[in-house]
file upload_6.cif (mmCIF, C-alpha atoms and all ligand atoms)
data_data
loop_
_atom_site.label_atom_id
_atom_site.label_comp_id
_atom_site.auth_asym_id
_atom_site.auth_seq_id
_atom_site.Cartn_x
_atom_site.Cartn_y
_atom_site.Cartn_z
CA MET A 1 -5.47 115.28 -38.71
CA ASN A 2 -5.89 111.83 -37.18
CA ASN A 3 -8.63 111.86 -34.55
CA ASP A 4 -9.23 108.13 -34.22
CA ARG A 5 -9.52 107.29 -30.53
CA THR A 6 -11.25 103.88 -30.84
CA PRO A 7 -10.11 101.83 -27.82
CA LEU A 8 -7.38 99.37 -28.76
CA VAL A 9 -6.05 96.51 -26.66
CA ALA A 10 -2.95 94.69 -27.86
CA ALA A 11 -1.42 91.43 -26.63
CA ASN A 12 2.37 91.19 -26.59
CA TRP A 13 3.12 87.50 -26.09
CA LYS A 14 6.90 88.12 -26.16
CA MET A 15 8.76 84.77 -26.42
CA ASN A 16 5.90 82.70 -25.01
CA GLY A 17 3.43 80.19 -26.35
CA ASP A 18 3.10 77.41 -28.86
CA ARG A 19 0.66 76.57 -31.65
CA ALA A 20 -1.94 75.06 -29.36
CA MET A 21 -1.90 78.06 -27.03
CA ALA A 22 -2.05 80.45 -29.97
CA ARG A 23 -5.15 78.77 -31.41
CA GLN A 24 -6.90 78.67 -28.06
CA LEU A 25 -6.17 82.30 -27.19
CA VAL A 26 -7.08 83.64 -30.60
CA ASN A 27 -10.29 81.61 -30.80
CA ALA A 28 -11.31 83.19 -27.49
CA LEU A 29 -10.59 86.67 -28.90
CA VAL A 30 -12.55 85.99 -32.08
CA GLU A 31 -15.48 84.90 -29.92
CA CYS A 32 -15.15 88.12 -27.91
CA VAL A 33 -15.27 90.21 -31.12
CA ASN A 34 -18.21 88.22 -32.48
CA GLY A 35 -19.95 88.74 -29.15
CA GLY A 36 -19.94 92.49 -29.81
CA CYS A 37 -16.76 93.75 -28.12
CA SER A 38 -16.17 97.27 -29.38
CA ALA A 39 -12.41 97.59 -28.74
CA GLU A 40 -10.00 96.92 -31.57
CA LEU A 41 -7.81 93.87 -30.79
CA VAL A 42 -4.27 93.19 -32.00
CA VAL A 43 -2.04 90.21 -31.14
CA PHE A 44 1.77 90.22 -31.33
CA PRO A 45 2.80 86.54 -31.26
CA PRO A 46 6.33 85.21 -31.71
CA ALA A 47 7.00 85.53 -35.46
CA ILE A 48 7.06 81.77 -36.02
CA LEU A 49 3.45 81.54 -34.80
CA VAL A 50 2.15 84.33 -37.04
CA ASP A 51 0.80 81.95 -39.69
CA SER A 52 -1.35 80.01 -37.24
CA VAL A 53 -2.52 83.19 -35.50
CA VAL A 54 -3.48 84.82 -38.82
CA ALA A 55 -5.39 81.67 -39.82
CA ALA A 56 -7.33 81.64 -36.53
CA ALA A 57 -7.82 85.41 -36.29
CA ALA A 58 -9.94 85.66 -39.45
CA SER A 59 -10.21 89.35 -40.18
CA CYS A 60 -11.49 90.46 -36.80
CA VAL A 61 -8.27 90.42 -34.78
CA GLY A 62 -5.20 92.25 -36.05
CA VAL A 63 -1.86 90.46 -36.06
CA GLY A 64 1.62 91.94 -35.89
CA LEU A 65 5.31 91.26 -35.38
CA GLN A 66 7.13 92.21 -32.18
CA ASN A 67 10.09 93.53 -34.16
CA VAL A 68 11.07 94.05 -37.83
CA SER A 69 14.22 95.00 -39.69
CA GLN A 70 14.55 98.48 -41.12
CA HIS A 71 16.05 96.86 -44.24
CA SER A 72 13.93 95.42 -47.02
CA SER A 73 16.14 92.39 -47.83
CA GLY A 74 19.72 91.17 -47.81
CA ALA A 75 22.41 89.68 -45.60
CA PHE A 76 20.80 90.27 -42.20
CA THR A 77 20.83 86.83 -40.58
CA GLY A 78 17.94 86.28 -38.21
CA GLU A 79 15.96 89.34 -39.27
CA LEU A 80 12.50 89.69 -40.84
CA SER A 81 11.45 92.40 -43.28
CA VAL A 82 8.27 94.46 -43.40
CA GLY A 83 7.43 92.86 -46.76
CA MET A 84 7.66 89.37 -45.24
CA ALA A 85 5.43 90.43 -42.37
CA ALA A 86 2.86 91.89 -44.76
CA GLU A 87 2.87 88.78 -46.94
CA ALA A 88 2.28 86.63 -43.85
CA GLY A 89 -0.85 88.67 -43.06
CA CYS A 90 0.50 91.12 -40.47
CA ARG A 91 -0.99 94.61 -40.44
CA TRP A 92 0.93 95.77 -37.36
CA SER A 93 4.33 95.74 -35.67
CA LEU A 94 5.72 96.88 -32.36
CA VAL A 95 8.69 99.19 -32.66
CA GLY A 96 10.98 100.45 -29.92
CA HIS A 97 9.81 98.09 -27.18
CA SER A 98 11.99 98.67 -24.12
CA GLU A 99 13.21 95.05 -24.18
CA ARG A 100 14.51 95.65 -27.73
CA ARG A 101 16.11 98.91 -26.64
CA ALA A 102 17.66 97.51 -23.45
CA LEU A 103 18.55 93.90 -24.36
CA TYR A 104 19.43 94.37 -28.04
CA GLY A 105 20.78 97.90 -27.96
CA GLU A 106 18.25 99.41 -30.33
CA THR A 107 18.88 103.12 -30.63
CA ASP A 108 16.39 105.94 -31.19
CA LEU A 109 17.72 106.19 -34.75
CA GLN A 110 17.11 102.50 -35.48
CA VAL A 111 13.65 102.77 -33.98
CA ALA A 112 12.92 105.73 -36.25
CA ALA A 113 14.22 103.86 -39.33
CA LYS A 114 12.06 100.83 -38.49
CA PHE A 115 9.06 103.10 -37.99
CA VAL A 116 9.55 104.64 -41.44
CA ALA A 117 10.06 101.21 -43.07
CA LEU A 118 6.84 99.93 -41.48
CA GLN A 119 4.70 102.76 -42.76
CA ALA A 120 6.34 102.62 -46.19
CA GLY A 121 5.38 98.93 -46.34
CA GLY A 122 1.79 99.61 -45.30
CA LEU A 123 2.01 98.29 -41.72
CA ASN A 124 0.82 100.16 -38.62
CA PRO A 125 3.57 100.77 -36.07
CA VAL A 126 2.89 100.72 -32.34
CA LEU A 127 5.71 102.98 -31.18
CA CYS A 128 6.77 102.19 -27.59
CA VAL A 129 8.28 104.86 -25.36
CA GLY A 130 8.98 105.04 -21.66
CA GLU A 131 11.45 105.93 -18.93
CA THR A 132 13.47 103.77 -16.54
CA LEU A 133 13.06 104.01 -12.78
CA GLU A 134 16.31 106.00 -12.46
CA GLN A 135 15.10 108.47 -15.09
CA ARG A 136 11.74 108.86 -13.33
CA GLU A 137 13.36 109.34 -9.94
CA ALA A 138 15.69 111.95 -11.41
CA GLY A 139 12.62 113.83 -12.70
CA HIS A 140 13.48 113.19 -16.35
CA THR A 141 10.38 111.28 -17.49
CA GLU A 142 9.05 113.96 -19.84
CA GLN A 143 12.49 114.71 -21.25
CA VAL A 144 13.13 111.01 -22.01
CA VAL A 145 9.75 110.41 -23.60
CA ALA A 146 9.98 113.64 -25.60
CA ALA A 147 13.40 112.65 -26.96
CA GLN A 148 12.19 109.16 -27.94
CA LEU A 149 9.25 110.73 -29.78
CA ALA A 150 11.34 113.49 -31.34
CA ALA A 151 13.74 110.98 -32.95
CA VAL A 152 10.83 109.45 -34.85
CA VAL A 153 9.12 112.76 -35.60
CA GLN A 154 12.38 114.06 -37.05
CA LEU A 155 12.73 111.19 -39.52
CA ALA A 156 9.07 110.38 -40.25
CA GLY A 157 7.30 113.72 -39.71
CA VAL A 158 4.68 114.51 -37.09
CA SER A 159 1.67 113.47 -39.15
CA ALA A 160 3.22 110.04 -39.71
CA VAL A 161 3.65 109.63 -35.95
CA ALA A 162 0.08 110.77 -35.38
CA ALA A 163 -1.13 108.19 -37.92
CA ALA A 164 0.47 105.44 -35.82
CA VAL A 165 -0.32 104.20 -32.32
CA ILE A 166 1.91 105.16 -29.39
CA ALA A 167 2.37 102.96 -26.32
CA TYR A 168 3.61 104.58 -23.13
CA GLU A 169 5.35 101.81 -21.20
CA PRO A 170 7.35 102.90 -18.15
CA VAL A 171 10.24 100.41 -18.06
CA TRP A 172 9.91 99.99 -14.28
CA ALA A 173 6.33 98.74 -14.72
CA ILE A 174 6.98 96.14 -17.43
CA GLY A 175 6.72 92.58 -16.17
CA THR A 176 7.32 93.73 -12.59
CA GLY A 177 3.78 93.62 -11.23
CA VAL A 178 4.21 97.31 -10.36
CA THR A 179 1.78 99.36 -12.42
CA ALA A 180 1.95 103.10 -12.89
CA SER A 181 -0.93 104.61 -10.95
CA PRO A 182 -3.75 105.91 -13.13
CA ASP A 183 -2.61 109.47 -12.27
CA GLN A 184 1.03 108.79 -13.14
CA ALA A 185 0.06 107.18 -16.45
CA GLN A 186 -2.50 109.90 -17.29
CA ALA A 187 0.09 112.64 -16.70
CA VAL A 188 2.51 111.17 -19.24
CA HIS A 189 -0.24 110.37 -21.75
CA LYS A 190 -1.42 113.97 -21.51
CA PHE A 191 2.14 115.14 -22.04
CA ILE A 192 2.54 112.94 -25.15
CA ARG A 193 -0.78 114.16 -26.53
CA GLN A 194 0.31 117.74 -25.91
CA GLN A 195 3.61 117.12 -27.70
CA LEU A 196 1.70 115.98 -30.80
CA GLY A 197 -1.16 118.40 -30.19
CA GLU A 198 1.19 121.35 -30.25
CA GLN A 199 1.84 120.31 -33.79
CA GLY A 200 -1.86 119.96 -34.61
CA GLN A 201 -2.02 116.18 -34.24
CA THR A 202 -3.41 113.57 -31.94
CA THR A 203 -3.55 109.79 -31.95
CA ARG A 204 -4.25 106.68 -29.90
CA ILE A 205 -1.98 106.32 -26.88
CA LEU A 206 -1.94 102.96 -25.08
CA TYR A 207 -0.63 102.30 -21.58
CA GLY A 208 1.57 99.24 -21.00
CA GLY A 209 3.27 97.83 -17.90
CA SER A 210 1.69 95.16 -15.67
CA VAL A 211 -1.85 95.81 -16.92
CA ASN A 212 -4.23 93.12 -15.64
CA ALA A 213 -7.94 92.55 -15.12
CA SER A 214 -7.91 94.28 -11.72
CA ASN A 215 -6.17 97.53 -12.69
CA ALA A 216 -7.31 97.94 -16.32
CA LYS A 217 -10.56 99.80 -15.70
CA ALA A 218 -8.94 102.53 -13.58
CA LEU A 219 -6.19 103.01 -16.18
CA PHE A 220 -8.39 102.89 -19.28
CA SER A 221 -10.92 105.34 -17.86
CA GLN A 222 -8.30 108.13 -17.78
CA PRO A 223 -9.08 110.78 -20.40
CA ASP A 224 -5.85 110.37 -22.38
CA ILE A 225 -5.52 106.57 -22.22
CA ASP A 226 -7.01 104.80 -25.25
CA GLY A 227 -6.32 101.17 -24.31
CA GLY A 228 -3.40 98.97 -23.41
CA LEU A 229 -0.41 96.96 -24.52
CA VAL A 230 -0.54 93.87 -22.36
CA GLY A 231 2.22 91.30 -21.80
CA GLY A 232 1.84 88.74 -19.01
CA ALA A 233 -1.91 89.12 -18.62
CA SER A 234 -2.45 88.48 -22.35
CA LEU A 235 -1.29 84.86 -22.02
CA ASP A 236 -4.47 83.80 -20.23
CA ALA A 237 -7.61 84.05 -22.39
CA GLN A 238 -10.08 84.94 -19.63
CA GLU A 239 -7.76 87.43 -17.95
CA PHE A 240 -7.07 89.16 -21.27
CA ILE A 241 -10.77 89.29 -22.22
CA ASN A 242 -11.47 90.92 -18.86
CA VAL A 243 -8.80 93.52 -19.71
CA VAL A 244 -10.40 94.02 -23.14
CA ASN A 245 -13.83 94.50 -21.57
CA ALA A 246 -12.39 97.21 -19.33
CA ALA A 247 -11.48 99.21 -22.45
CA GLU A 248 -14.95 99.42 -23.90
CA ARG A 249 -16.45 102.88 -24.11
P1 LIG A 301 3.64 93.33 -19.01
O1 LIG A 301 4.35 93.67 -20.41
O2 LIG A 301 2.16 93.55 -19.21
O3 LIG A 301 3.96 91.89 -18.76
O4 LIG A 301 4.21 94.26 -18.00
C1 LIG A 301 3.93 94.76 -21.18
C2 LIG A 301 4.83 94.93 -22.39
O5 LIG A 301 6.03 94.69 -22.26
O6 LIG A 301 4.36 95.31 -23.46
#

call {"tool": "encode", "arguments": {"input": "upload_6.cif", "output": "structure tokens", "more": "lines below"}}
Ligand code: PGA
result
Amino acid sequence: MNNDRTPLVAANWKMNGDRAMARQLVNALVECVNGGCSAELVVFPPAILVDSVVAAAASCVGVGLQNVSQHSSGAFTGELSVGMAAEAGCRWSLVGHSERRALYGETDLQVAAKFVALQAGGLNPVLCVGETLEQREAGHTEQVVAAQLAAVVQLAGVSAVAAAVIAYEPVWAIGTGVTASPDQAQAVHKFIRQQLGEQGQTTRILYGGSVNASNAKALFSQPDIDGGLVGGASLDAQEFINVVNAAER
């Protein structure tokens, strides 16, 4: 059984930044780790910046891709494989981010295949799940999240999912400035933990969706929230470090 609940804060830069920004942000994170920060830190830069982020991150900040192919090689123009990510120094990858699902039509099945490919290649997946506003308002949040999880559990097995990290990111809270309230987030985190717990497993579950330095403490102090996946607020070094500090236990 996986019982690791070390706080983890991850930065999803999306399609933002350049080499200079990457160096500056990562140097600030390395300083934060060297200064005794106890949370685990992972950065998801645009793939083309991975080399410079890995070089600056030393071994104290994890680096990952925002997306990978489920295929290992071949005629897949524009795609990157798990093996390429590993060779470049990545230990992590996001999978199933709502922007990939909504803008690029990624299905639950593709997400599950990518998840399996990541673990087979020795990378840690951060599996993103979450409902849209319409689904929440229709009272379908648990059903949607359960189905997104079940697709991966079915292909990978429950212990594989429990060995990964899950990020609950309500779609309506991503990049909107509207955060789920601590109670709303806690309720879904508890539900996800129960889903895995029913099968004898638990894991780290991060909250994502407009996390910033002002709301992080209230979210991260919920019993089933183990840290955050942070977009906009991860692009400013001081703001992100304040979020990281809110995750310390
Ligand atoms: P946000 O993005 O913090 O800008 O809402 C979070 C995410 O998409 O992972």

call {"tool": "residues_near_ligand", "arguments": {"input": "upload_6.cif", "ligand": "ligand LIG 301 (chain A)", "cutoff": "6 Å", "atoms": "all atoms listed in the file", "output": "list in words"}}
result
Asn12, Ala173, Ile174, Gly175, Gly208, Gly209, Ser210, Val211, Leu229, Val230, Gly231 and Gly232 of chain A

call {"tool": "closest_residue", "arguments": {"input": "upload_6.cif", "among": "A:Val111, A:Ala86, A:Ala22, A:Ile205", "to": "Ala164 of chain A", "atoms": "all atoms listed in the file"}}
result
A:Ile205

call {"tool": "residues_around", "arguments": {"input": "upload_6.cif", "residues": "Glu142 of chain A", "least_positions_apart": "5", "cutoff": "12 Å", "atoms": "all atoms listed in the file", "output": "list in words"}}
result
Val129, Gly130, Glu131, Thr132, Gln135, Arg136, Glu137, Ala147, Gln148, Leu149, Ala150, Tyr168, Pro170, Gln184, Ala185, Ala187, Val188, His189, Lys190, Phe191, Ile192, Arg193, Gln194 and Gln195 of chain A

call {"tool": "residues_around", "arguments": {"input": "upload_6.cif", "residues": "segment 122-127 of chain A", "least_positions_apart": "5", "cutoff": "7 Å", "atoms": "only C-alpha atoms", "output": "list in words"}}
result
Arg91, Trp92, Ser93, Leu94, Val95, Gly96, Phe115, Ala164, Val165, Ile166 and Ala167 of chain A

call {"tool": "residues_around", "arguments": {"input": "upload_6.cif", "residues": "Val30 of chain A", "least_positions_apart": "6", "cutoff": "8 Å", "atoms": "only C-alpha atoms", "output": "list in words"}}
result
Ala57, Ala58, Cys60 and Val61 of chain A

call {"tool": "residues_around", "arguments": {"input": "upload_6.cif", "residues": "Ile225 of chain A", "least_positions_apart": "2", "cutoff": "6 Å", "atoms": "only C-alpha atoms", "output": "PyMOL selection string"}}
result
chain A and resi 205-206+220+222-223+227

call {"tool": "atom_distance", "arguments": {"input": "upload_6.cif", "atom1": "atom CA of Gln238 of chain A", "atom2": "atom CA of Pro46 of chain A"}}
result
20.4 Å

call {"tool": "atom_distance", "arguments": {"input": "upload_6.cif", "atom1": "atom CA of Glu79 of chain A", "atom2": "atom CA of Ala55 of chain A"}}
result
22.7 Å

call {"tool": "atom_distance", "arguments": {"input": "upload_6.cif", "atom1": "atom CA of Leu196 of chain A", "atom2": "atom CA of Ser159 of chain A"}}
result
8.7 Å

call {"tool": "residues_around", "arguments": {"input": "upload_6.cif", "residues": "Phe240 of chain A", "least_positions_apart": "5", "cutoff": "8 Å", "atoms": "only C-alpha atoms", "output": "ChimeraX atom specification"}}
result
/A:212-213,233-235

call {"tool": "closest_residue", "arguments": {"input": "upload_6.cif", "among": "A:Val178, A:Val244, A:Ala113, A:Leu103", "to": "Cys37 of chain A", "atoms": "all atoms listed in the file"}}
result
A:Val244

call {"tool": "closest_residue", "arguments": {"input": "upload_6.cif", "among": "A:Glu134, A:Glu198, A:Asp108, A:Asp236", "to": "Val158 of chain A", "atoms": "all atoms listed in the file"}}
result
A:Glu198

call {"tool": "closest_residue", "arguments": {"input": "upload_6.cif", "among": "A:Leu25, A:Ala85, A:Val171, A:Ala75", "to": "Val144 of chain A", "atoms": "all atoms listed in the file"}}
result
A:Val171

call {"tool": "residues_near_point", "arguments": {"input": "upload_6.cif", "point": "(12.0, 102.9, -41.6)", "cutoff": "12 Å", "atoms": "all atoms listed in the file", "output": "VMD selection string"}}
result
chain A and resid 68 to 72 81 to 82 95 to 96 108 to 125 151 to 153 155 to 157 160
